[in-house]
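Enquirer: Attaching a single structure in structure tokens format; questions to follow.
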Amino acid sequence: MPSLPNQINSTAAAGSQWVQTYAIQNDDGSVTDITNKTFEFVIRPHTTDTAQPAMVAVNSTAANAQGYITVTTATATLQVVLSPTTTGLLQRSANPYTLWMDPGLPDATALVVGTFFTSQIAAA
């Protein structure tokens, strides 16, 4: 894998579904073996927050009301989906997020970090 974590900021419209797909590759561009790996996407109020649960936490083991992560091992891709309710609760904000591989394990790896911006939009 390339140097980690990768820095990517993202923006969601409050009250809308947010979807982002990440591809996990080795330094040479080949597909990383993510067989038997678990993933978690968390948004927290600040980088030192360790409260449980996080403001937003979705994982690859089970969908919840906040969203889910779909893992495709053949292409080493992860699709993170946050529900409209989740982005709506974030209102207009800027919070740190991390996409973790094997969270809670000794080899936990922060794959992607950044700021998750939520913007308000006018009703249709």
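In the structure tokens, the first chain shown is A, the next is B, and so on; residue numbers restart at 1 for each chain, and ligands run from 1 in the order shown.
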Hey, what's within 8 Å of range 91-105 of chain A if we count only C-alpha atoms and toss same-chain stuff fewer than 5 positions away? As a PyMOL selection string, please?

Expert: chain A and resi 14+37-47+110-120

Enquirer: Mind listing the strand (DSSP E) residues of chain A, per DSSP on the backbone, as a ChimeraX atom specification?

Expert: /A:6-7,10-13,18-23,39-43,56-59,67-72,77-82,93-101,109-119

Enquirer: Taking into account only C-alpha atoms, which residue in the set A:Leu78, A:Thr73, A:Ala122, A:Thr87 is nearest to Gln20 in chain A?

Expert: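 Nearest candidate to Gln20 in chain A out of A:Leu78, A:Thr73, A:Ala122, A:Thr87: A:Leu78.
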
Enquirer: Rounded to one decimal, what separation in Å do you get between CA of Thr50 in chain A and CA of Thr86 in chain A?

Expert: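 If I compute the distance from CA of Thr50 in chain A to CA of Thr86 in chain A, I get 19.3 Å.
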
Enquirer: Enumerate the residues of range 20-124 of chain A with a DSSP assignment of alpha helix (DSSP H), computed from the backbone, and present them as a list in words.

Expert: Pro84, Thr85, Thr86, Thr87, Gly88 and Leu89 of chain A

Enquirer: How many Å separate CA of Val56 in chain A from CA of Ala124 in chain A?

Expert: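 Computing the Euclidean distance for CA of Val56 in chain A and CA of Ala124 in chain A yields 26.2 Å.
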
Enquirer: Mind checking which residues fall within 7 Å of Thr85 in chain A, counting only C-alpha atoms, ignoring those fewer than 3 positions away in the same chain, and posting them as a list of chain:residue names?

Expert: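 Once the nearby chain positions are removed, what remains is A:Gly15, A:Gly88, A:Leu89.
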
Enquirer: Record the distance separating CA of Asp33 in chain A and CA of Ala108 in chain A, expressed in Å with one decimal.

Expert: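 Computed distance, CA of Asp33 in chain A to CA of Ala108 in chain A, equals 15.3 Å.
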
Enquirer: Skipping near chain neighbours, those fewer than 5 positions away, what residues fall within 9 Å of Thr75 in chain A using only C-alpha atoms, listed as a ChimeraX atom specification?

Expert: /A:23-24,31-33

Enquirer: Those same residues - N, CA, C and O atoms - I'd like them written as a PDB file, in the first residue's frame.

Expert:
```
ATOM      1  N   ALA A  23     -10.562   2.787  -3.639  1.00  0.00           N
ATOM      2  CA  ALA A  23      -9.850   1.629  -4.179  1.00  0.00           C
ATOM      3  C   ALA A  23      -8.566   1.462  -3.384  1.00  0.00           C
ATOM      4  O   ALA A  23      -7.812   2.415  -3.198  1.00  0.00           O
ATOM      5  N   ILE A  24      -8.307   0.255  -2.908  1.00  0.00           N
ATOM      6  CA  ILE A  24      -7.121  -0.039  -2.115  1.00  0.00           C
ATOM      7  C   ILE A  24      -6.101  -0.704  -3.034  1.00  0.00           C
ATOM      8  O   ILE A  24      -6.352  -1.779  -3.576  1.00  0.00           O
ATOM      9  N   VAL A  31      -3.843  -4.631  -7.126  1.00  0.00           N
ATOM     10  CA  VAL A  31      -4.927  -4.731  -6.156  1.00  0.00           C
ATOM     11  C   VAL A  31      -4.402  -5.314  -4.845  1.00  0.00           C
ATOM     12  O   VAL A  31      -3.688  -6.315  -4.840  1.00  0.00           O
ATOM     13  N   THR A  32      -4.756  -4.688  -3.735  1.00  0.00           N
ATOM     14  CA  THR A  32      -4.381  -5.174  -2.405  1.00  0.00           C
ATOM     15  C   THR A  32      -5.312  -6.304  -1.990  1.00  0.00           C
ATOM     16  O   THR A  32      -6.520  -6.234  -2.234  1.00  0.00           O
ATOM     17  N   ASP A  33      -4.771  -7.322  -1.365  1.00  0.00           N
ATOM     18  CA  ASP A  33      -5.600  -8.417  -0.873  1.00  0.00           C
ATOM     19  C   ASP A  33      -6.280  -7.962   0.417  1.00  0.00           C
ATOM     20  O   ASP A  33      -5.625  -7.753   1.436  1.00  0.00           O
TER      21      ASP A  33
END
```
